[in-house]
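Next up, target-v1.tsv (TSV, C-alpha atoms (C1' of nucleotides)):
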chain	number	residue	atom	x	y	z
A	284	MET	CA	-169.65	-18.90	-127.71
A	285	HIS	CA	-167.75	-19.54	-124.51
A	286	PRO	CA	-169.59	-22.36	-122.72
A	287	GLN	CA	-170.42	-21.56	-119.12
A	288	MET	CA	-169.26	-24.91	-117.80
A	289	LEU	CA	-165.66	-24.00	-118.56
A	290	ASP	CA	-165.62	-21.62	-115.59
A	291	TYR	CA	-166.40	-24.47	-113.23
A	292	ASP	CA	-164.27	-27.14	-111.68
A	293	THR	CA	-164.27	-30.68	-113.02
A	294	ALA	CA	-163.23	-32.25	-109.72
A	295	ASN	CA	-166.69	-33.30	-108.59
A	296	CYS	CA	-168.03	-34.28	-111.99
A	297	ALA	CA	-170.42	-37.20	-111.95
A	298	ILE	CA	-168.90	-38.65	-115.08
A	299	GLY	CA	-165.50	-38.69	-113.45
A	300	ALA	CA	-166.89	-40.41	-110.37
A	301	THR	CA	-168.68	-43.05	-112.42
A	302	VAL	CA	-165.72	-43.70	-114.66
A	303	ALA	CA	-163.49	-44.13	-111.63
A	304	MET	CA	-165.76	-46.96	-110.51
A	305	ILE	CA	-166.70	-48.77	-113.70
A	306	GLY	CA	-164.58	-47.17	-116.43
A	307	GLU	CA	-162.30	-50.06	-117.18
A	308	LYS	CA	-162.61	-52.15	-120.27
A	309	TRP	CA	-163.22	-55.49	-118.66
A	310	THR	CA	-165.72	-54.00	-116.25
A	311	PHE	CA	-168.02	-53.11	-119.12
A	312	LEU	CA	-167.81	-56.63	-120.47
A	313	VAL	CA	-168.50	-58.08	-117.05
A	314	LEU	CA	-171.54	-55.86	-116.72
A	315	ARG	CA	-172.70	-56.79	-120.19
A	316	GLU	CA	-172.66	-60.44	-119.21
A	317	ALA	CA	-174.33	-59.71	-115.91
A	318	PHE	CA	-177.19	-58.13	-117.84
A	319	ASN	CA	-177.19	-61.18	-120.11
A	320	GLY	CA	-177.87	-63.29	-117.07
A	321	VAL	CA	-174.38	-64.65	-116.41
A	322	ARG	CA	-173.72	-65.07	-112.71
A	323	ARG	CA	-170.81	-67.41	-112.27
A	324	PHE	CA	-167.13	-66.89	-112.45
A	325	ASP	CA	-166.31	-69.45	-115.07
A	326	ASP	CA	-169.17	-68.42	-117.33
A	327	MET	CA	-167.95	-64.85	-117.08
A	328	GLN	CA	-164.50	-65.98	-118.00
A	329	ARG	CA	-165.64	-67.99	-120.96
A	330	ARG	CA	-167.77	-65.17	-122.32
A	331	THR	CA	-165.51	-62.20	-121.70
A	332	HIS	CA	-162.11	-63.88	-122.12
A	333	ALA	CA	-160.88	-61.72	-119.29
A	334	PRO	CA	-157.80	-63.11	-117.57
A	335	ARG	CA	-158.90	-64.83	-114.39
A	336	GLN	CA	-157.00	-62.43	-112.23
A	337	VAL	CA	-158.49	-59.36	-113.82
A	338	LEU	CA	-161.94	-60.89	-113.65
A	339	SER	CA	-161.48	-61.67	-110.00
A	340	ASP	CA	-160.40	-58.10	-109.34
A	341	ARG	CA	-163.23	-56.51	-111.34
A	342	LEU	CA	-165.90	-58.66	-109.74
A	343	GLY	CA	-164.44	-57.78	-106.36
A	344	ARG	CA	-164.65	-54.08	-107.09
A	345	LEU	CA	-168.18	-54.28	-108.39
A	346	VAL	CA	-169.18	-56.08	-105.20
A	347	ARG	CA	-167.29	-53.62	-103.03
A	348	ASP	CA	-168.90	-50.65	-104.78
A	349	GLY	CA	-172.34	-52.22	-104.65
A	350	GLN	CA	-173.15	-52.87	-108.30
A	351	LEU	CA	-173.04	-56.62	-107.72
A	352	ARG	CA	-173.69	-58.75	-104.68
A	353	LYS	CA	-172.54	-62.26	-103.86
A	354	VAL	CA	-175.34	-64.73	-103.33
A	355	PRO	CA	-174.61	-68.22	-101.99
A	356	TYR	CA	-176.10	-71.18	-103.78
A	357	GLN	CA	-175.58	-74.90	-103.85
A	358	GLU	CA	-176.19	-77.38	-106.62
A	359	GLN	CA	-176.74	-80.93	-105.54
A	360	GLY	CA	-173.57	-82.93	-105.45
A	361	GLN	CA	-171.53	-79.75	-105.40
A	362	ARG	CA	-170.08	-77.75	-102.62
A	363	GLY	CA	-171.66	-74.42	-101.75
A	364	ARG	CA	-170.58	-71.55	-103.94
A	365	HIS	CA	-171.67	-68.03	-104.60
A	366	GLU	CA	-172.81	-66.22	-107.67
A	367	TYR	CA	-172.76	-62.56	-108.64
A	368	ARG	CA	-176.01	-60.73	-109.13
A	369	LEU	CA	-176.80	-57.18	-110.09
A	370	THR	CA	-178.09	-54.97	-107.32
A	371	GLY	CA	-180.49	-52.09	-107.91
A	372	LYS	CA	-177.49	-49.82	-108.24
A	373	GLY	CA	-176.06	-52.20	-110.81
A	374	LEU	CA	-179.30	-52.49	-112.75
A	375	ASP	CA	-179.34	-48.72	-113.05
A	376	LEU	CA	-176.21	-48.96	-115.18
A	377	TYR	CA	-178.26	-50.44	-117.99
A	378	PRO	CA	-178.54	-47.20	-119.97
A	379	VAL	CA	-174.76	-47.00	-120.09
A	380	LEU	CA	-174.53	-50.42	-121.67
A	381	VAL	CA	-177.40	-49.72	-124.05
A	382	ALA	CA	-175.80	-46.46	-125.11
A	383	LEU	CA	-172.52	-48.21	-125.87
A	384	MET	CA	-174.33	-50.90	-127.81
A	385	GLN	CA	-176.44	-48.47	-129.76
A	386	TRP	CA	-173.37	-46.52	-130.80
A	387	GLY	CA	-171.54	-49.69	-131.75
A	388	ASP	CA	-174.41	-50.93	-133.88
A	389	GLN	CA	-174.49	-47.60	-135.64
A	390	HIS	CA	-170.82	-46.81	-136.08
A	391	ALA	CA	-168.92	-50.05	-135.74
A	392	ALA	CA	-171.49	-52.17	-137.52
A	393	GLN	CA	-170.77	-55.86	-137.64
A	394	PRO	CA	-171.15	-57.71	-140.92
A	395	GLY	CA	-174.53	-59.39	-140.91
A	396	GLY	CA	-176.19	-56.81	-138.71
A	397	PRO	CA	-176.48	-56.39	-134.97
A	398	PRO	CA	-175.73	-59.53	-132.96
A	399	MET	CA	-178.21	-58.60	-130.25
A	400	LEU	CA	-181.64	-57.00	-130.23
A	401	LEU	CA	-183.33	-55.52	-127.20
A	402	THR	CA	-187.07	-55.93	-127.01
A	403	HIS	CA	-189.68	-54.74	-124.59
A	404	ARG	CA	-190.72	-57.69	-122.51
A	405	GLY	CA	-194.30	-58.54	-123.27
A	406	CYS	CA	-194.84	-56.00	-126.01
A	407	GLY	CA	-191.89	-57.26	-128.04
A	408	GLN	CA	-191.11	-53.94	-129.69
A	409	PRO	CA	-187.46	-52.92	-130.10
A	410	VAL	CA	-186.04	-50.81	-127.31
A	411	ARG	CA	-183.88	-47.76	-127.71
A	412	LEU	CA	-182.49	-44.87	-125.70
A	413	GLU	CA	-183.87	-41.41	-126.23
A	414	LEU	CA	-182.84	-38.03	-124.97
A	415	THR	CA	-185.97	-36.26	-123.84
A	416	CYS	CA	-186.70	-33.07	-122.00
A	417	GLY	CA	-189.15	-32.23	-119.26
A	418	ALA	CA	-191.54	-30.74	-121.80
A	419	GLY	CA	-191.68	-34.03	-123.67
A	420	HIS	CA	-189.51	-33.12	-126.64
A	421	VAL	CA	-187.22	-35.78	-128.07
A	422	LEU	CA	-183.78	-34.34	-128.76
A	423	GLY	CA	-181.94	-35.32	-131.88
A	424	SER	CA	-178.36	-34.58	-130.89
A	425	ALA	CA	-175.96	-33.22	-128.33
A	426	ARG	CA	-176.28	-29.88	-130.12
A	427	ASP	CA	-179.77	-29.44	-128.69
A	428	VAL	CA	-178.45	-29.54	-125.14
A	429	THR	CA	-177.12	-26.63	-123.14
A	430	PRO	CA	-175.02	-27.72	-120.17
A	431	LEU	CA	-175.34	-25.38	-117.19
A	432	PRO	CA	-173.67	-25.32	-113.78
A	433	GLY	CA	-175.87	-27.06	-111.20
A	434	PRO	CA	-176.25	-26.55	-107.45
A	435	GLY	CA	-173.05	-28.48	-106.70
A	436	ALA	CA	-170.92	-26.60	-109.22
A	437	ARG	CA	-167.76	-24.94	-107.96
A	438	ARG	CA	-166.32	-21.99	-109.78
A	439	ILE	CA	-162.66	-22.29	-110.67
A	440	ALA	CA	-160.47	-20.30	-108.29
B	375	MET	CA	-184.75	-69.08	-117.03
B	376	HIS	CA	-181.78	-69.67	-119.29
B	377	PRO	CA	-181.33	-66.48	-121.33
B	378	GLN	CA	-181.13	-67.12	-125.06
B	379	MET	CA	-178.14	-64.85	-125.57
B	380	LEU	CA	-175.92	-67.29	-123.69
B	381	ASP	CA	-175.97	-69.67	-126.64
B	382	TYR	CA	-174.44	-67.02	-128.87
B	383	ASP	CA	-170.92	-65.83	-129.31
B	384	THR	CA	-169.72	-62.60	-127.76
B	385	ALA	CA	-166.98	-62.01	-130.32
B	386	ASN	CA	-168.88	-59.55	-132.50
B	387	CYS	CA	-170.70	-57.75	-129.71
B	388	ALA	CA	-171.25	-54.06	-130.33
B	389	ILE	CA	-170.42	-53.20	-126.73
B	390	GLY	CA	-167.09	-54.93	-127.08
B	391	ALA	CA	-166.32	-53.05	-130.27
B	392	THR	CA	-167.25	-49.71	-128.75
B	393	VAL	CA	-165.33	-50.31	-125.56
B	394	ALA	CA	-162.27	-51.27	-127.57
B	395	MET	CA	-162.38	-47.81	-129.16
B	396	ILE	CA	-163.39	-45.51	-126.34
B	397	GLY	CA	-163.40	-47.65	-123.21
B	398	GLU	CA	-160.45	-46.12	-121.45
B	399	LYS	CA	-160.80	-43.87	-118.49
B	400	TRP	CA	-159.15	-40.79	-119.90
B	401	THR	CA	-161.03	-41.14	-123.15
B	402	PHE	CA	-164.32	-40.59	-121.35
B	403	LEU	CA	-162.97	-37.48	-119.69
B	404	VAL	CA	-161.64	-36.18	-122.99
B	405	LEU	CA	-165.04	-36.73	-124.57
B	406	ARG	CA	-166.76	-35.06	-121.64
B	407	GLU	CA	-164.66	-31.97	-122.20
B	408	ALA	CA	-165.20	-32.11	-125.94
B	409	PHE	CA	-168.94	-31.97	-125.28
B	410	ASN	CA	-168.31	-29.10	-122.89
B	411	GLY	CA	-166.79	-27.20	-125.76
B	412	VAL	CA	-163.11	-27.71	-125.03
B	413	ARG	CA	-161.09	-27.98	-128.20
B	414	ARG	CA	-157.47	-27.36	-127.36
B	415	PHE	CA	-154.79	-29.54	-125.99
B	416	ASP	CA	-153.86	-27.44	-123.01
B	417	ASP	CA	-157.44	-26.79	-122.00
B	418	MET	CA	-158.03	-30.50	-122.13
B	419	GLN	CA	-155.03	-31.07	-119.97
B	420	ARG	CA	-156.05	-28.50	-117.41
B	421	ARG	CA	-159.56	-29.85	-117.14
B	422	THR	CA	-158.91	-33.59	-117.22
B	423	HIS	CA	-155.51	-33.67	-115.49
B	424	ALA	CA	-154.54	-36.40	-117.91
B	425	PRO	CA	-150.78	-36.79	-118.31
B	426	ARG	CA	-149.75	-35.05	-121.50
B	427	GLN	CA	-148.58	-38.23	-123.10
B	428	VAL	CA	-151.80	-40.08	-122.43
B	429	LEU	CA	-153.82	-37.11	-123.63
B	430	SER	CA	-151.79	-36.97	-126.81
B	431	ASP	CA	-152.37	-40.66	-127.38
B	432	ARG	CA	-156.11	-40.55	-126.65
B	433	LEU	CA	-156.72	-37.55	-128.85
B	434	GLY	CA	-154.74	-39.30	-131.58
B	435	ARG	CA	-156.92	-42.39	-131.33
B	436	LEU	CA	-160.13	-40.44	-131.31
B	437	VAL	CA	-158.99	-38.67	-134.47
B	438	ARG	CA	-157.86	-41.92	-136.06
B	439	ASP	CA	-161.16	-43.61	-135.26
B	440	GLY	CA	-163.17	-40.64	-136.44
B	441	GLN	CA	-164.80	-39.36	-133.26
B	442	LEU	CA	-162.75	-36.17	-133.41
B	443	ARG	CA	-161.20	-34.26	-136.27
B	444	LYS	CA	-158.34	-31.81	-136.31
B	445	VAL	CA	-159.27	-28.36	-137.55
B	446	PRO	CA	-156.57	-25.76	-138.22
B	447	TYR	CA	-157.02	-22.30	-136.77
B	448	GLN	CA	-154.90	-19.25	-136.17
B	449	GLU	CA	-155.21	-16.56	-133.56
B	450	GLN	CA	-153.61	-13.28	-134.40
B	451	GLY	CA	-150.06	-13.02	-133.20
B	452	GLN	CA	-149.87	-16.79	-132.86
B	453	ARG	CA	-148.63	-19.45	-135.13
B	454	GLY	CA	-151.17	-21.71	-136.80
B	455	ARG	CA	-152.44	-24.55	-134.67
B	456	HIS	CA	-155.18	-27.08	-134.78
B	457	GLU	CA	-158.05	-27.86	-132.50
B	458	TYR	CA	-160.05	-31.01	-131.91
B	459	ARG	CA	-163.71	-31.04	-132.75
B	460	LEU	CA	-166.35	-33.69	-132.47
B	461	THR	CA	-167.47	-35.28	-135.71
B	462	GLY	CA	-170.97	-36.62	-136.26
B	463	LYS	CA	-169.72	-39.99	-135.11
B	464	GLY	CA	-168.34	-38.34	-132.00
B	465	LEU	CA	-171.52	-36.39	-131.30
B	466	ASP	CA	-173.43	-39.66	-131.38
B	467	LEU	CA	-171.53	-40.72	-128.28
B	468	TYR	CA	-173.47	-38.19	-126.24
B	469	PRO	CA	-175.91	-40.72	-124.80
B	470	VAL	CA	-172.99	-42.68	-123.37
B	471	LEU	CA	-171.76	-39.63	-121.50
B	472	VAL	CA	-175.23	-38.67	-120.36
B	473	ALA	CA	-175.86	-42.20	-119.11
B	474	LEU	CA	-172.64	-42.13	-117.09
B	475	MET	CA	-173.52	-38.74	-115.68
B	476	GLN	CA	-177.07	-39.71	-114.81
B	477	TRP	CA	-175.87	-42.77	-112.96
B	478	GLY	CA	-173.22	-40.76	-111.14
B	479	ASP	CA	-175.72	-38.13	-110.05
B	480	GLN	CA	-177.97	-40.86	-108.74
B	481	HIS	CA	-175.51	-43.24	-107.11
B	482	ALA	CA	-172.35	-41.31	-106.47
B	483	ALA	CA	-174.06	-38.08	-105.53
B	484	GLN	CA	-171.78	-35.16	-104.83
B	485	PRO	CA	-172.36	-33.07	-101.73
B	486	GLY	CA	-174.33	-30.01	-102.77
B	487	GLY	CA	-176.10	-31.71	-105.62
B	488	PRO	CA	-175.23	-32.26	-109.26
B	489	PRO	CA	-172.43	-30.05	-110.57
B	490	MET	CA	-173.91	-29.94	-114.06
B	491	LEU	CA	-177.43	-29.72	-115.44
B	492	LEU	CA	-178.41	-30.50	-118.98
B	493	THR	CA	-181.17	-28.39	-120.43
B	494	HIS	CA	-183.01	-28.42	-123.71
B	495	ARG	CA	-181.73	-25.53	-125.74
B	496	GLY	CA	-184.46	-23.03	-126.21
B	497	CYS	CA	-187.07	-24.75	-124.09
B	498	GLY	CA	-184.82	-24.84	-121.03
B	499	GLN	CA	-186.33	-27.97	-119.53
B	500	PRO	CA	-184.00	-30.56	-117.96
B	501	VAL	CA	-182.85	-33.33	-120.26
B	502	ARG	CA	-182.70	-37.00	-119.40
B	503	LEU	CA	-182.22	-40.36	-121.06
B	504	GLU	CA	-185.15	-42.72	-121.36
B	505	LEU	CA	-185.46	-46.29	-122.49
B	506	THR	CA	-188.44	-46.45	-124.80
B	507	CYS	CA	-189.88	-49.10	-127.08
B	508	GLY	CA	-191.30	-48.90	-130.57
B	509	ALA	CA	-194.83	-48.85	-129.19
B	510	GLY	CA	-194.06	-45.73	-127.18
B	511	HIS	CA	-193.77	-47.28	-123.73
B	512	VAL	CA	-191.17	-45.90	-121.35
B	513	LEU	CA	-189.30	-48.72	-119.63
B	514	GLY	CA	-188.43	-48.45	-115.98
B	515	SER	CA	-185.54	-50.86	-115.70
B	516	ALA	CA	-183.35	-53.43	-117.37
B	517	ARG	CA	-185.80	-56.05	-116.12
B	518	ASP	CA	-188.34	-54.92	-118.71
B	519	VAL	CA	-185.97	-55.77	-121.56
B	520	THR	CA	-185.57	-59.15	-123.24
B	521	PRO	CA	-182.31	-59.46	-125.16
B	522	LEU	CA	-182.62	-61.62	-128.26
B	523	PRO	CA	-180.10	-62.78	-130.85
B	524	GLY	CA	-180.14	-60.46	-133.86
B	525	PRO	CA	-179.38	-61.08	-137.54
B	526	GLY	CA	-175.62	-60.97	-136.94
B	527	ALA	CA	-175.66	-63.37	-134.01
B	528	ARG	CA	-173.45	-66.45	-134.23
B	529	ARG	CA	-174.31	-69.56	-132.30
B	530	ILE	CA	-171.54	-70.92	-130.15
B	531	ALA	CA	-169.88	-73.94	-131.77
C	102	DG	C1'	-158.60	-93.02	-97.41
C	103	DT	C1'	-156.68	-91.58	-101.50
C	104	DT	C1'	-157.38	-90.31	-106.09
C	105	DG	C1'	-159.67	-87.39	-109.13
C	106	DC	C1'	-162.79	-83.68	-110.62
C	107	DT	C1'	-164.63	-79.03	-110.57
C	108	DG	C1'	-165.45	-74.15	-109.64
C	109	DA	C1'	-163.17	-70.38	-108.03
C	110	DG	C1'	-159.75	-68.49	-107.40
C	111	DT	C1'	-154.13	-67.20	-106.31
C	112	DC	C1'	-148.99	-67.08	-107.62
C	113	DT	C1'	-145.16	-66.02	-110.90
C	114	DG	C1'	-142.57	-64.04	-114.28
C	115	DT	C1'	-142.85	-61.22	-118.32
C	116	DC	C1'	-144.20	-57.50	-120.84
C	117	DA	C1'	-147.00	-53.39	-121.85
C	118	DA	C1'	-149.14	-49.14	-120.02
C	119	DC	C1'	-149.18	-45.29	-117.04
C	120	DT	C1'	-147.01	-41.49	-114.61
C	121	DA	C1'	-144.25	-37.23	-113.26
C	122	DG	C1'	-141.03	-34.40	-114.73
C	123	DA	C1'	-137.76	-32.60	-117.90
C	124	DC	C1'	-136.90	-31.49	-122.48
C	125	DC	C1'	-137.96	-30.03	-127.34
C	126	DT	C1'	-139.96	-27.26	-131.29
C	127	DA	C1'	-142.18	-23.80	-134.42
C	128	DG	C1'	-143.53	-19.44	-134.99
C	129	DC	C1'	-144.51	-14.96	-133.23
C	130	DA	C1'	-143.09	-10.86	-130.43
C	131	DT	C1'	-139.49	-7.87	-128.24
D	1421	DA	C1'	-130.74	-13.14	-130.31
D	1422	DT	C1'	-134.00	-14.05	-126.64
D	1423	DG	C1'	-138.11	-15.29	-124.70
D	1424	DC	C1'	-142.90	-17.00	-124.69
D	1425	DT	C1'	-146.39	-20.34	-125.70
D	1426	DA	C1'	-149.11	-24.36	-127.42
D	1427	DG	C1'	-148.45	-28.73	-128.26
D	1428	DG	C1'	-146.13	-31.97	-127.94
D	1429	DT	C1'	-141.77	-35.93	-127.15
D	1430	DC	C1'	-138.15	-38.38	-124.07
D	1431	DT	C1'	-136.71	-40.80	-119.85
D	1432	DA	C1'	-136.91	-43.52	-116.00
D	1433	DG	C1'	-139.57	-45.58	-112.49
D	1434	DT	C1'	-143.86	-47.71	-111.03
D	1435	DT	C1'	-148.04	-49.95	-111.71
D	1436	DG	C1'	-151.13	-52.95	-114.23
D	1437	DA	C1'	-152.16	-56.69	-117.63
D	1438	DC	C1'	-151.33	-61.15	-119.18
D	1439	DA	C1'	-150.61	-66.40	-119.88
D	1440	DG	C1'	-149.82	-70.32	-117.70
D	1441	DA	C1'	-149.13	-73.01	-113.72
D	1442	DC	C1'	-150.51	-73.79	-109.14
D	1443	DT	C1'	-153.83	-74.01	-104.94
D	1444	DC	C1'	-157.80	-75.18	-102.32
D	1445	DA	C1'	-162.25	-77.03	-100.77
D	1446	DG	C1'	-165.61	-80.24	-101.10
D	1447	DC	C1'	-167.89	-83.99	-103.23
D	1448	DA	C1'	-167.64	-88.65	-105.35
D	1449	DA	C1'	-165.90	-92.93	-107.14
D	1450	DC	C1'	-162.76	-96.45	-106.21
Write-out of the structure in structure tokens:
Amino acid sequence: MHPQMLDYDTANCAIGATVAMIGEKWTFLVLREAFNGVRRFDDMQRRTHAPRQVLSDRLGRLVRDGQLRKVPYQEQGQRGRHEYRLTGKGLDLYPVLVALMQWGDQHAAQPGGPPMLLTHRGCGQPVRLELTCGAGHVLGSARDVTPLPGPGARRIA
Amino acid sequence: MHPQMLDYDTANCAIGATVAMIGEKWTFLVLREAFNGVRRFDDMQRRTHAPRQVLSDRLGRLVRDGQLRKVPYQEQGQRGRHEYRLTGKGLDLYPVLVALMQWGDQHAAQPGGPPMLLTHRGCGQPVRLELTCGAGHVLGSARDVTPLPGPGARRIA
DNA sequence: GTTGCTGAGTCTGTCAACTAGACCTAGCAT
DNA sequence: ATGCTAGGTCTAGTTGACAGACTCAGCAAC
């Protein structure tokens, strides 16, 4: 009945570390647009409605922490600028965004159905997140998971 | 080259809706602890280090929005109190937390390895999130996904 | 060569949110 | 009566968000 994890410290929790980096509202929207293919400041602003200052700050953080990188480009008749592109580290955040979207589609359903569908490129089938285990089982809910202290766990003093 | 989604409005995006409900830093930590089995205010406070006022507010929102519910209980020699438990809607947020954790373990690795392991109850194998498609393929990255406007999509004026 | 345009910001003042710390409250126990 | 405890609320100070105006660099048209 008493879950084991409660005897261990939360200080080095991976969720905490991740949330400290990307756990702000606008950051999620910025990432959503990055995955949608948006790369430029003004497009980001138009699509997220983030205040310019906040957007500037969030993009700066994402670059500093390595989820985005600045890439210079130049359109003809324009001065050189830079755009923001997802790095590998940034691309790996995709499951987070998909999980948020999946939950939203299920529990905060928009009238008219989901505004966005994810499809497997090439095969065209709908994409979804699944919890699976090493033995190949697909888990139906959080209740099928037992959290255990890992190698980096620290017992509470 | 130009992603289709950019011609559609972001106003009714499921990610936006979800983030508006649970996209605050402390909320994620509260949910993490809820999934760890923590149900009481003070335990939450001890494990998240959230300021009491913020914790009170976040728990209140989660109850209001239906991710948690208040359940009365009474320990002997104590006055009646209530505890916070995940609802079905709350349990469905598990993939979000797992996604955050998985990313953190991979890209913000803690010295000594992951502090928490998720195992399949009964079978004991490690649990992970996978992006799969309707045809049974497992996708390796966000690059294998094509986002398309869904039934609820609204073209930008 | 100066006027204007555009993308990508920065500056300012206002207002809301967060924070630490003290204080409160109901019911049980002494 | 007094104290203890879980679960808050109150206060004051600091930080962060926000809208709206301003800046700045380079290109281009006049």
Determine, using all atoms listed in the file, which residues of chain B have any atom at most 10 Å from an atom of chain D, and tabulate each with its shortest atom pair and distance in Å to one decimal place, rows ordered by chain and then rising number, as JSON lines.
{"residue": "B:Arg414", "atom": "CA", "partner": "D:DA1426", "partner_atom": "C1'", "distance": 8.9}
{"residue": "B:Phe415", "atom": "CA", "partner": "D:DG1427", "partner_atom": "C1'", "distance": 6.8}
{"residue": "B:Asp416", "atom": "CA", "partner": "D:DA1426", "partner_atom": "C1'", "distance": 7.2}
{"residue": "B:Arg426", "atom": "CA", "partner": "D:DG1428", "partner_atom": "C1'", "distance": 8.0}
{"residue": "B:Gln427", "atom": "CA", "partner": "D:DT1429", "partner_atom": "C1'", "distance": 8.3}
{"residue": "B:Ser430", "atom": "CA", "partner": "D:DG1428", "partner_atom": "C1'", "distance": 7.6}
{"residue": "B:Gln452", "atom": "CA", "partner": "D:DT1425", "partner_atom": "C1'", "distance": 8.7}
{"residue": "B:Arg453", "atom": "CA", "partner": "D:DA1426", "partner_atom": "C1'", "distance": 9.2}
{"residue": "B:Gly454", "atom": "CA", "partner": "D:DA1426", "partner_atom": "C1'", "distance": 10.0}
{"residue": "B:Arg455", "atom": "CA", "partner": "D:DA1426", "partner_atom": "C1'", "distance": 8.0}
{"residue": "B:His456", "atom": "CA", "partner": "D:DG1427", "partner_atom": "C1'", "distance": 9.5}
Take the selection from the previous step and output its residues with C-alpha atoms, as a PDB file, keeping the file's coordinate frame.
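Output file part_27.pdb follows:
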ATOM      1  CA  ARG B 414    -157.470 -27.360-127.360  1.00  0.00           C
ATOM      2  CA  PHE B 415    -154.790 -29.540-125.990  1.00  0.00           C
ATOM      3  CA  ASP B 416    -153.860 -27.440-123.010  1.00  0.00           C
ATOM      4  CA  ARG B 426    -149.750 -35.050-121.500  1.00  0.00           C
ATOM      5  CA  GLN B 427    -148.580 -38.230-123.100  1.00  0.00           C
ATOM      6  CA  SER B 430    -151.790 -36.970-126.810  1.00  0.00           C
ATOM      7  CA  GLN B 452    -149.870 -16.790-132.860  1.00  0.00           C
ATOM      8  CA  ARG B 453    -148.630 -19.450-135.130  1.00  0.00           C
ATOM      9  CA  GLY B 454    -151.170 -21.710-136.800  1.00  0.00           C
ATOM     10  CA  ARG B 455    -152.440 -24.550-134.670  1.00  0.00           C
ATOM     11  CA  HIS B 456    -155.180 -27.080-134.780  1.00  0.00           C
TER      12      HIS B 456
END
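The gap separating atom CA of B:Arg413 from atom CA of B:Tyr458 is 4.9 Å, in Å to one decimal.
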### Message
Report as number ranges by chain all protein, DNA and RNA residues lying within 12 Å of A:Asp326, evaluated on only C-alpha atoms (C1' of nucleotides), omitting residues in the same chain fewer than 3 positions from it.
### Response
A: 313, 316-317, 319-323, 329-333, 335, 338, 366-367; B: 380-381, 384; C: 108-109
### Task
Pull out every residue of chain C sitting within 12 Å of chain B, counting only C-alpha atoms (C1' of nucleotides), and send them as an NGL selection string.
:C and (118-122 or 127-130)
Could you write out the selected residues, including C-alpha atoms (C1' of nucleotides), as a PDB file, in the coordinates of the input?
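Generated file (selection19.pdb):
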ATOM      1  C1'  DA C 118    -149.140 -49.140-120.020  1.00  0.00           C
ATOM      2  C1'  DC C 119    -149.180 -45.290-117.040  1.00  0.00           C
ATOM      3  C1'  DT C 120    -147.010 -41.490-114.610  1.00  0.00           C
ATOM      4  C1'  DA C 121    -144.250 -37.230-113.260  1.00  0.00           C
ATOM      5  C1'  DG C 122    -141.030 -34.400-114.730  1.00  0.00           C
ATOM      6  C1'  DA C 127    -142.180 -23.800-134.420  1.00  0.00           C
ATOM      7  C1'  DG C 128    -143.530 -19.440-134.990  1.00  0.00           C
ATOM      8  C1'  DC C 129    -144.510 -14.960-133.230  1.00  0.00           C
ATOM      9  C1'  DA C 130    -143.090 -10.860-130.430  1.00  0.00           C
TER      10       DA C 130
END
Pull the closest atom pair for each residue of chain A that gets at most 6 Å from chain B, along with the distance in Å to one decimal, counting all atoms listed in the file, ordering rows by chain and then ascending residue number, as a tab-separated table.
residue	atom	partner	partner_atom	distance
A:Ala297	CA	B:Gly478	CA	4.6
A:Ile298	CA	B:Met475	CA	4.7
A:Thr301	CA	B:Gly478	CA	5.2
A:Gly306	CA	B:Lys399	CA	5.4
A:Lys308	CA	B:Gly397	CA	5.4
A:Tyr377	CA	B:Ala516	CA	5.9
A:Pro378	CA	B:Ala473	CA	5.7
A:Val379	CA	B:Ala473	CA	5.0
A:Ala382	CA	B:Val470	CA	5.0
A:Leu383	CA	B:Ile389	CA	5.5
A:Met384	CA	B:Ile389	CA	4.7
A:Gly387	CA	B:Ala388	CA	4.6
A:Asp388	CA	B:Ala388	CA	5.7
A:Gly395	CA	B:Gly526	CA	4.4
A:Gly396	CA	B:Gly526	CA	4.6
A:Pro397	CA	B:Gly526	CA	5.1
A:Pro398	CA	B:Ala527	CA	4.0
A:Met399	CA	B:Gly524	CA	4.5
A:Leu400	CA	B:Leu522	CA	5.1
A:Leu401	CA	B:Pro521	CA	4.6
A:Thr402	CA	B:Thr520	CA	5.2
A:His403	CA	B:Val519	CA	4.9
A:Arg404	CA	B:Val519	CA	5.2
A:Gln408	CA	B:Gly508	CA	5.1
A:Pro409	CA	B:Cys507	CA	5.4
A:Val410	CA	B:Cys507	CA	4.2
A:Arg411	CA	B:Thr506	CA	5.6
A:Leu412	CA	B:Leu505	CA	4.6
A:Glu413	CA	B:Glu504	CA	5.2
A:Leu414	CA	B:Leu503	CA	4.6
A:Thr415	CA	B:Arg502	CA	5.6
A:Cys416	CA	B:Val501	CA	4.2
A:Gly417	CA	B:Gln499	CA	5.1
A:Ala425	CA	B:Tyr468	CA	5.9
A:Asp427	CA	B:Arg495	CA	5.3
A:Val428	CA	B:His494	CA	4.9
A:Thr429	CA	B:Thr493	CA	5.2
A:Pro430	CA	B:Leu492	CA	4.5
A:Leu431	CA	B:Leu491	CA	5.1
A:Pro432	CA	B:Met490	CA	4.6
A:Gly433	CA	B:Met490	CA	4.5
A:Pro434	CA	B:Gly487	CA	5.5
A:Gly435	CA	B:Pro489	CA	4.2
A:Ala436	CA	B:Pro489	CA	4.0
### Query
What separation in Å, quoted to one decimal, exists between atom CA of B:Thr461 and atom CA of B:Gln419?
20.5 Å
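What separates atom CA of B:Pro446 from atom C1' of C:DT126 is a distance of 18.1 Å.
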